[in-house]
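So this one's run.txt, compact mmCIF, C-alpha atoms and all ligand atoms:
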```
# COMPACT_ATOMS: atom_id res chain seq x y z
CA MET J 223 0.00 0.00 0.00
CA ASN J 224 1.24 3.45 -0.93
CA ALA J 225 2.51 5.34 2.15
CA ASP J 226 0.35 8.45 1.51
CA VAL J 227 -2.79 6.34 1.04
CA ARG J 228 -1.97 4.51 4.26
CA GLU J 229 -1.38 7.72 6.20
CA THR J 230 -4.80 9.06 5.16
CA LEU J 231 -6.45 5.77 6.02
CA PHE J 232 -4.67 5.69 9.37
CA ARG J 233 -5.88 9.17 10.31
CA GLN J 234 -9.44 8.33 9.33
CA ALA J 235 -9.44 4.99 11.19
CA LYS J 236 -7.96 6.64 14.27
CA GLU J 237 -10.62 9.37 14.24
CA TRP J 238 -13.40 6.76 14.07
CA VAL J 239 -11.83 4.65 16.83
CA LEU J 240 -11.61 7.66 19.16
CA GLU J 241 -15.18 8.65 18.30
CA ALA J 242 -16.50 5.12 18.97
CA GLY J 243 -14.56 5.00 22.24
CA SER J 244 -15.99 8.32 23.35
CA THR J 245 -19.52 7.06 22.64
CA ILE J 246 -18.87 3.94 24.71
CA ARG J 247 -17.56 6.03 27.62
CA THR J 248 -20.62 8.26 27.49
CA LYS J 249 -22.92 5.22 27.64
CA ILE J 250 -20.89 3.11 30.06
CA ASN J 251 -23.53 3.21 32.80
CA ASP J 252 -26.57 2.81 30.53
CA PRO J 253 -28.59 -0.41 30.96
CA LEU J 254 -27.21 -3.19 28.74
CA THR J 255 -28.89 -5.98 26.85
CA ILE J 256 -26.61 -8.97 27.28
CA ASP J 257 -26.98 -12.12 25.15
CA THR J 258 -24.90 -15.25 24.95
CA LYS J 259 -23.45 -16.84 21.83
CA SER J 260 -21.66 -20.23 21.73
CA ASN J 261 -21.90 -20.87 25.50
CA PRO J 262 -23.19 -19.11 28.67
CA ASN J 263 -19.85 -17.31 29.15
CA ASP J 264 -19.61 -16.10 25.55
CA LEU J 265 -21.26 -12.69 25.96
CA VAL J 266 -22.37 -10.10 23.48
CA THR J 267 -24.06 -6.79 24.25
CA THR J 268 -25.89 -4.13 22.31
CA MET J 269 -22.72 -2.03 22.67
CA ASP J 270 -20.62 -4.65 20.79
CA LYS J 271 -23.16 -4.65 17.97
CA ASP J 272 -23.75 -0.89 17.86
CA THR J 273 -20.01 -0.22 17.78
CA GLU J 274 -19.50 -2.64 14.91
CA VAL J 275 -22.46 -1.11 13.03
CA PHE J 276 -20.87 2.33 13.51
CA PHE J 277 -17.60 1.20 11.89
CA ALA J 278 -19.27 -0.81 9.12
CA GLY J 279 -21.48 2.19 8.22
CA LYS J 280 -18.55 4.61 8.09
CA ILE J 281 -16.36 2.23 6.07
CA ARG J 282 -19.05 1.30 3.53
CA GLU J 283 -19.91 4.95 3.00
CA THR J 284 -16.32 6.21 2.71
CA TYR J 285 -14.51 3.22 1.22
CA PRO J 286 -17.12 1.12 -0.65
CA GLU J 287 -14.35 -0.92 -2.29
CA HIS J 288 -12.90 -2.09 1.05
CA PHE J 289 -13.91 -5.29 2.85
CA ILE J 290 -14.79 -5.90 6.50
CA LEU J 291 -13.96 -8.94 8.61
CA SER J 292 -15.58 -8.56 12.01
CA GLU J 293 -16.92 -10.43 14.99
CA GLU J 294 -20.59 -9.53 15.32
CA GLY J 295 -21.91 -10.30 11.84
CA PHE J 296 -22.04 -6.89 10.14
CA GLY J 297 -18.98 -7.55 7.97
CA ASP J 298 -18.38 -9.57 4.80
CA GLU J 299 -17.94 -13.30 4.22
CA LEU J 300 -14.36 -13.47 3.01
CA SER J 301 -12.42 -16.37 1.58
CA THR J 302 -9.26 -14.51 0.56
CA MET J 303 -7.12 -11.70 1.94
CA ASP J 304 -7.12 -9.88 -1.42
CA GLY J 305 -7.82 -6.16 -1.39
CA THR J 306 -8.08 -3.84 1.62
CA ILE J 307 -9.70 -5.49 4.63
CA TRP J 308 -10.69 -3.87 7.91
CA ILE J 309 -10.44 -6.57 10.60
CA ILE J 310 -12.56 -5.33 13.47
CA ASP J 311 -13.25 -6.34 17.02
CA PRO J 312 -15.68 -3.66 18.23
CA ILE J 313 -15.18 -4.63 21.88
CA ASP J 314 -12.38 -7.02 22.75
CA GLY J 315 -12.89 -8.17 26.31
CA THR J 316 -16.69 -8.16 26.41
CA MET J 317 -16.68 -10.05 29.71
CA ASN J 318 -14.55 -7.29 31.23
CA PHE J 319 -16.84 -4.68 29.66
CA VAL J 320 -19.90 -6.32 31.26
CA HIS J 321 -18.43 -7.19 34.66
CA GLN J 322 -15.81 -4.51 35.20
CA LYS J 323 -16.67 -1.63 32.86
CA ARG J 324 -12.96 -1.40 32.07
CA ASN J 325 -10.08 -3.47 30.63
CA PHE J 326 -11.60 -3.77 27.16
CA ALA J 327 -10.48 -2.39 23.83
CA ILE J 328 -11.52 -1.55 20.31
CA SER J 329 -9.22 -3.38 17.94
CA ILE J 330 -8.82 -2.61 14.24
CA GLY J 331 -6.24 -4.02 11.86
CA ILE J 332 -6.19 -2.90 8.23
CA TYR J 333 -4.62 -5.39 5.84
CA HIS J 334 -3.86 -4.97 2.16
CA ASP J 335 -3.39 -8.09 0.03
CA GLY J 336 -2.66 -10.05 3.20
CA ILE J 337 -0.11 -7.60 4.63
CA GLY J 338 -0.87 -5.85 7.93
CA GLU J 339 -0.59 -2.11 7.20
CA ILE J 340 -2.31 -0.45 10.18
CA GLY J 341 -3.01 -1.51 13.76
CA LEU J 342 -5.12 0.37 16.31
CA ILE J 343 -5.90 -0.89 19.80
CA TYR J 344 -7.82 1.52 21.99
CA ASP J 345 -8.12 0.93 25.72
CA VAL J 346 -11.40 2.82 25.92
CA MET J 347 -11.68 3.53 29.65
CA GLY J 348 -7.96 4.14 30.09
CA ASP J 349 -8.03 6.42 27.01
CA VAL J 350 -4.82 4.82 25.75
CA LEU J 351 -4.36 4.31 22.04
CA TYR J 352 -1.75 1.87 20.78
CA SER J 353 -1.14 2.35 17.08
CA ALA J 354 1.18 1.41 14.27
CA GLN J 355 1.68 1.67 10.56
CA ARG J 356 3.89 -0.94 8.91
CA THR J 357 7.57 0.16 8.94
CA LYS J 358 6.70 3.39 10.79
CA GLY J 359 7.06 2.23 14.39
CA ALA J 360 4.52 1.63 17.13
CA TYR J 361 3.06 4.34 19.34
CA LYS J 362 1.27 4.65 22.66
CA ASN J 363 -0.78 7.85 22.75
CA GLY J 364 1.48 9.31 20.09
CA GLN J 365 4.76 8.44 21.85
CA GLU J 366 6.97 5.96 20.08
CA ILE J 367 7.30 2.61 21.84
CA PRO J 368 10.98 1.55 21.91
CA PRO J 369 12.03 -1.78 20.39
CA LEU J 370 11.60 -4.77 22.72
CA LYS J 371 14.47 -5.45 25.08
CA THR J 372 16.75 -8.24 23.96
CA ASP J 373 18.18 -9.26 27.32
CA ILE J 374 15.32 -10.87 29.20
CA PRO J 375 16.20 -14.24 30.70
CA LEU J 376 13.19 -16.55 30.80
CA LYS J 377 13.30 -16.64 34.58
CA GLU J 378 12.59 -12.89 34.59
CA ALA J 379 9.84 -12.97 31.98
CA ILE J 380 6.12 -12.40 32.60
CA LEU J 381 3.81 -14.48 30.46
CA SER J 382 0.18 -13.70 29.80
CA LEU J 383 -2.08 -16.75 29.52
CA ASN J 384 -5.46 -17.92 30.75
CA HIS J 385 -7.06 -20.83 32.60
CA PHE J 386 -7.73 -22.82 29.42
CA TRP J 387 -4.14 -24.06 29.69
CA LEU J 388 -5.29 -25.96 32.81
CA CYS J 389 -8.21 -27.67 31.06
CA GLU J 390 -8.22 -31.19 29.58
CA ASN J 391 -8.22 -30.03 25.96
CA ARG J 392 -5.05 -27.93 26.34
CA LEU J 393 -2.56 -28.18 23.50
CA VAL J 394 0.51 -28.88 25.67
CA ASN J 395 0.89 -31.61 28.27
CA GLU J 396 0.54 -30.84 31.96
CA LYS J 397 4.18 -31.47 32.80
CA GLU J 398 5.56 -28.93 30.32
CA MET J 399 2.87 -26.35 31.14
CA GLN J 400 3.73 -26.61 34.84
CA ARG J 401 7.43 -26.38 34.08
CA LEU J 402 6.78 -23.28 31.95
CA VAL J 403 4.72 -21.39 34.56
CA LYS J 404 7.27 -22.29 37.25
CA THR J 405 10.21 -21.22 35.09
CA VAL J 406 8.94 -17.73 34.24
CA ARG J 407 8.83 -14.98 36.85
CA GLY J 408 5.05 -14.67 36.74
CA THR J 409 1.88 -15.04 34.73
CA ARG J 410 -0.99 -12.65 34.11
CA THR J 411 -4.50 -12.89 32.66
CA TYR J 412 -6.08 -9.66 31.44
CA GLY J 413 -9.09 -10.96 29.51
CA SER J 414 -8.54 -8.91 26.36
CA ALA J 415 -6.37 -10.44 23.68
CA ALA J 416 -5.88 -7.06 22.02
CA LEU J 417 -4.62 -5.48 25.24
CA GLU J 418 -2.40 -8.49 25.89
CA PHE J 419 -0.81 -7.92 22.47
CA ALA J 420 -0.43 -4.21 23.28
CA TYR J 421 1.18 -5.01 26.64
CA THR J 422 3.58 -7.40 24.93
CA ALA J 423 4.49 -4.63 22.46
CA GLU J 424 4.99 -2.24 25.35
CA GLY J 425 7.21 -4.80 27.09
CA ILE J 426 5.18 -4.88 30.31
CA VAL J 427 4.57 -8.56 29.63
CA ASP J 428 7.03 -10.58 27.58
CA GLY J 429 4.62 -12.88 25.78
CA TYR J 430 1.00 -13.91 25.40
CA LEU J 431 -0.02 -17.50 24.86
CA THR J 432 -3.52 -18.55 23.97
CA MET J 433 -5.35 -21.66 22.75
CA SER J 434 -7.74 -20.15 20.22
CA LEU J 435 -8.23 -16.67 18.85
CA ALA J 436 -10.12 -15.24 15.89
CA PRO J 437 -8.57 -12.90 13.30
CA TRP J 438 -10.20 -9.81 14.89
CA ASP J 439 -8.53 -10.61 18.23
CA ILE J 440 -5.04 -10.45 16.74
CA ALA J 441 -5.03 -8.42 13.50
CA ALA J 442 -4.18 -5.05 15.04
CA GLY J 443 -1.89 -6.53 17.67
CA MET J 444 0.24 -8.32 15.10
CA VAL J 445 0.93 -5.07 13.21
CA ILE J 446 1.83 -3.23 16.42
CA LEU J 447 3.97 -6.08 17.77
CA GLU J 448 5.91 -6.42 14.54
CA GLU J 449 6.95 -2.77 14.73
CA VAL J 450 8.79 -3.31 18.01
CA GLY J 451 10.42 -6.55 16.88
CA GLY J 452 7.92 -9.01 18.37
CA VAL J 453 7.12 -12.37 16.82
CA THR J 454 3.69 -13.98 16.45
CA THR J 455 3.07 -17.63 15.49
CA THR J 456 0.67 -20.40 16.43
CA ALA J 457 1.44 -22.25 19.67
CA ASP J 458 3.39 -24.78 17.62
CA GLY J 459 5.43 -22.19 15.77
CA LYS J 460 3.53 -22.03 12.47
CA PRO J 461 2.37 -18.87 10.70
CA VAL J 462 -1.11 -17.73 11.76
CA ASN J 463 -3.89 -17.76 9.19
CA MET J 464 -5.86 -14.50 9.17
CA LEU J 465 -8.97 -16.22 7.75
CA SER J 466 -9.41 -18.79 10.52
CA LYS J 467 -9.04 -19.34 14.25
CA ASN J 468 -5.53 -20.06 15.52
CA SER J 469 -3.72 -20.89 18.70
CA VAL J 470 -1.43 -17.91 19.21
CA PHE J 471 1.93 -17.29 20.81
CA THR J 472 3.17 -13.73 20.51
CA SER J 473 6.29 -12.62 22.28
CA ASN J 474 9.57 -10.88 22.69
CA PRO J 475 11.90 -12.71 20.26
CA TYR J 476 14.47 -13.14 23.01
CA VAL J 477 12.31 -15.63 24.92
CA GLN J 478 10.20 -16.80 21.97
CA LYS J 479 12.40 -19.63 20.68
CA GLU J 480 13.07 -21.01 24.13
CA ILE J 481 9.40 -21.09 25.14
CA LEU J 482 8.40 -22.50 21.77
CA ASN J 483 11.03 -25.21 21.46
CA ASP J 484 11.70 -26.19 25.07
CA PHE J 485 8.10 -26.13 26.32
CA LEU J 486 5.34 -25.76 23.72
CA ILE J 487 6.65 -27.99 20.94
CA LYS J 488 8.32 -30.39 23.38
CA GLY J 489 5.05 -30.80 25.30
CA LYS J 490 2.71 -30.72 22.30
CA LYS J 491 -0.14 -33.21 22.79
C1 LIG J 501 -12.11 -12.54 23.82
C2 LIG J 501 -11.02 -11.90 24.64
C3 LIG J 501 -10.44 -12.90 25.62
C4 LIG J 501 -9.92 -14.13 24.92
C5 LIG J 501 -11.05 -14.76 24.11
C6 LIG J 501 -11.60 -13.73 23.10
P1 LIG J 501 -14.13 -10.98 23.00
O1 LIG J 501 -12.63 -11.62 22.88
O2 LIG J 501 -9.99 -11.41 23.83
O3 LIG J 501 -9.38 -12.34 26.33
O4 LIG J 501 -9.46 -15.05 25.87
O5 LIG J 501 -10.56 -15.87 23.42
O6 LIG J 501 -12.64 -14.32 22.36
O7 LIG J 501 -15.10 -12.08 22.72
O8 LIG J 501 -14.25 -10.38 24.33
O9 LIG J 501 -14.07 -10.00 21.86
CA CA J 502 -16.98 -12.16 21.70
CA CA J 503 -12.08 -10.47 20.83
CA CA J 504 -15.43 -8.77 20.67
```
Represent the supplied structure as structure tokens.
Ligand code: IPD
Ligand code: CA
Ligand code: CA
Ligand code: CA
Amino acid sequence: MNADVRETLFRQAKEWVLEAGSTIRTKINDPLTIDTKSNPNDLVTTMDKDTEVFFAGKIRETYPEHFILSEEGFGDELSTMDGTIWIIDPIDGTMNFVHQKRNFAISIGIYHDGIGEIGLIYDVMGDVLYSAQRTKGAYKNGQEIPPLKTDIPLKEAILSLNHFWLCENRLVNEKEMQRLVKTVRGTRTYGSAALEFAYTAEGIVDGYLTMSLAPWDIAAGMVILEEVGGVTTTADGKPVNMLSKNSVFTSNPYVQKEILNDFLIKGKK
């Protein structure tokens, strides 16, 4: 994508993200209609849907030739990554949104012919915008995020992961998972994949490991992470497919190979 075209698109996307975030903040204490999707813990609210409708309306009006890949059903059915695609999670961390009214984000990745060009992750209640354009660096509220540190021993690393790694269907055997969580300095669970990518980019966690994520959970994060030298693969080290669900391991490259080879691939079930 031409750099000038991308800059214009970036500014427009950023403006819409901030506008959508401001609307959510204004309505944060309004009564919510909460439904469930695939299971009783898979929540969706009117705010998720309204926010997605807001973006889809703006995009279709302004860029009718672009495509939309999004969580709540107002996007397109896509079978290729050709063209310009807005990959949108209107609220990432819906459970946090419902229960905590914080710790959720708007996440938008814009891809062109399969290449991540723009990433925007907006922590709505914290009013913190993580952003990146390919090859132009990553930013937190307009301040450049420095490249990831290259001297983090695994025993001093913090790893973000969730309880699914304790469940029977986990992808790595119990022994290696236990060894991993005991080897690192600590683990964290934030409940928003997008924010966990942003925190990895910021270097406040050193990696994020998850069993199954959709394209809209990771599209923006991958662009931002890449700009600070982070690496994102599946949990068994393969490239992620932006048109399907994937297990995901994103991290500081300094600890990435060790975690991947000595724990995840070694313990793969
Ligand atoms: C979810 C969050 C959560 C992750 C789930 C995602 P949603 O997204 O990112 O942290 O563990 O796998 O589905 O549904 O709140 O947009
Ligand atoms: Ca959801
Ligand atoms: Ca999500
Ligand atoms: Ca969502």
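Atom CA of Asn263 of chain J sits 23.4 Å away from atom CA of Ile309 of chain J.
Shortest atom-to-atom contact with ligand CA 504 (chain J) among J:Ile337, J:Ile367, J:Ala415, J:Ala242: J:Ala415, counting all atoms listed in the file.
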Between segment 438-458 of chain J and segment 371-378 of chain J, at 12 Å or less, what are the per-residue closest atom pairs and their distances in Å? Count only C-alpha atoms, order by chain and rising residue number, and return it as a Markdown table.
```
| residue | atom | partner | partner_atom | distance |
| --- | --- | --- | --- | --- |
| J:Val450 | CA | J:Lys371 | CA | 9.3 |
| J:Gly451 | CA | J:Lys371 | CA | 9.2 |
| J:Gly452 | CA | J:Lys371 | CA | 10.0 |
```
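With atom CA of Lys358 of chain J on one side and atom CA of Ile340 of chain J on the other, the separation reads 9.8 Å.
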**Request:** Please write out the residues within 8 Å of ligand CA 503 (chain J) as an MDAnalysis selection string, counting all atoms listed in the file.
**Result:** chainID J and resid 293 311 313:316 414:416 435:436 438:439
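With distances restricted to only C-alpha atoms and all ligand atoms, J:Thr267 is the closest residue to ligand CA 504 (chain J) from J:Ser434, J:Asn363, J:Gln400, J:Thr267.
Distances to ligand CA 502 (chain J) were evaluated for J:Leu231, J:Val477, J:Leu383, J:Ala327 using all atoms listed in the file, and the minimum falls at J:Ala327.
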**Request:** Calculate how many Å separate atom CA of Ile487 of chain J from atom CA of Asn395 of chain J, rounding to one decimal.
**Result:** 10.0 Å
Polymer residues at most 12 Å from Ile310 of chain J, only C-alpha atoms, same-chain spacing of 3 or more positions, as a compact mmCIF listing (two decimals) with C-alpha atoms, keeping the file's coordinate frame:
```txt
# COMPACT_ATOMS: atom_id res chain seq x y z
CA ALA J 235 -9.44 4.99 11.19
CA VAL J 239 -11.83 4.65 16.83
CA ASP J 270 -20.62 -4.65 20.79
CA LYS J 271 -23.16 -4.65 17.97
CA THR J 273 -20.01 -0.22 17.78
CA GLU J 274 -19.50 -2.64 14.91
CA VAL J 275 -22.46 -1.11 13.03
CA PHE J 276 -20.87 2.33 13.51
CA PHE J 277 -17.60 1.20 11.89
CA ALA J 278 -19.27 -0.81 9.12
CA ILE J 281 -16.36 2.23 6.07
CA PHE J 289 -13.91 -5.29 2.85
CA ILE J 290 -14.79 -5.90 6.50
CA LEU J 291 -13.96 -8.94 8.61
CA SER J 292 -15.58 -8.56 12.01
CA GLU J 293 -16.92 -10.43 14.99
CA GLU J 294 -20.59 -9.53 15.32
CA GLY J 295 -21.91 -10.30 11.84
CA PHE J 296 -22.04 -6.89 10.14
CA GLY J 297 -18.98 -7.55 7.97
CA ASP J 298 -18.38 -9.57 4.80
CA ILE J 307 -9.70 -5.49 4.63
CA ILE J 313 -15.18 -4.63 21.88
CA ASP J 314 -12.38 -7.02 22.75
CA ALA J 327 -10.48 -2.39 23.83
CA ILE J 328 -11.52 -1.55 20.31
CA SER J 329 -9.22 -3.38 17.94
CA ILE J 330 -8.82 -2.61 14.24
CA GLY J 331 -6.24 -4.02 11.86
CA ILE J 332 -6.19 -2.90 8.23
CA TYR J 333 -4.62 -5.39 5.84
CA ILE J 340 -2.31 -0.45 10.18
CA GLY J 341 -3.01 -1.51 13.76
CA LEU J 342 -5.12 0.37 16.31
CA ILE J 343 -5.90 -0.89 19.80
CA TYR J 344 -7.82 1.52 21.99
CA ALA J 416 -5.88 -7.06 22.02
CA ALA J 436 -10.12 -15.24 15.89
CA PRO J 437 -8.57 -12.90 13.30
CA TRP J 438 -10.20 -9.81 14.89
CA ASP J 439 -8.53 -10.61 18.23
CA ILE J 440 -5.04 -10.45 16.74
CA ALA J 441 -5.03 -8.42 13.50
CA ALA J 442 -4.18 -5.05 15.04
CA GLY J 443 -1.89 -6.53 17.67
```
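Closest approach to ligand CA 502 (chain J) among J:Ser473, J:Thr302, J:Thr245, J:Ser260 is made by J:Ser260 (distances from all atoms listed in the file).
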**Request:** Would you please work out which residue, of J:Leu417, J:Val320, J:Val406, J:Met303, is nearest to Glu480 of chain J when using only C-alpha atoms?
**Result:** J:Val406
**Message:** I'd like the neighbourhood of Met433 of chain J as a PyMOL selection string, where a residue qualifies if any of its atoms comes within 8 Å (using only C-alpha atoms), though same-chain residues fewer than 6 positions away should be ignored.
**Reply:** chain J and resi 386-387+392-393+457+468-470
**Request:** Within 8 Å of (-25.9, -4.3, 24.6) (coordinates as in the file), grab all the protein and nucleic acid residues, counting all atoms listed in the file, and write them out as a ChimeraX atom specification.
**Result:** /J:253-257,266-272
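For the residues J:Glu241, J:Glu398, J:Glu229, J:Asp264, ranking by smallest atom-to-atom distance to ligand CA 504 (chain J) using all atoms listed in the file places J:Asp264 first.
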**Request:** For His288 of chain J, please output as a ChimeraX atom specification all residues within 7 Å (counting only C-alpha atoms; exclusion window: fewer than 3 positions along the same chain).
**Result:** /J:285,305-307
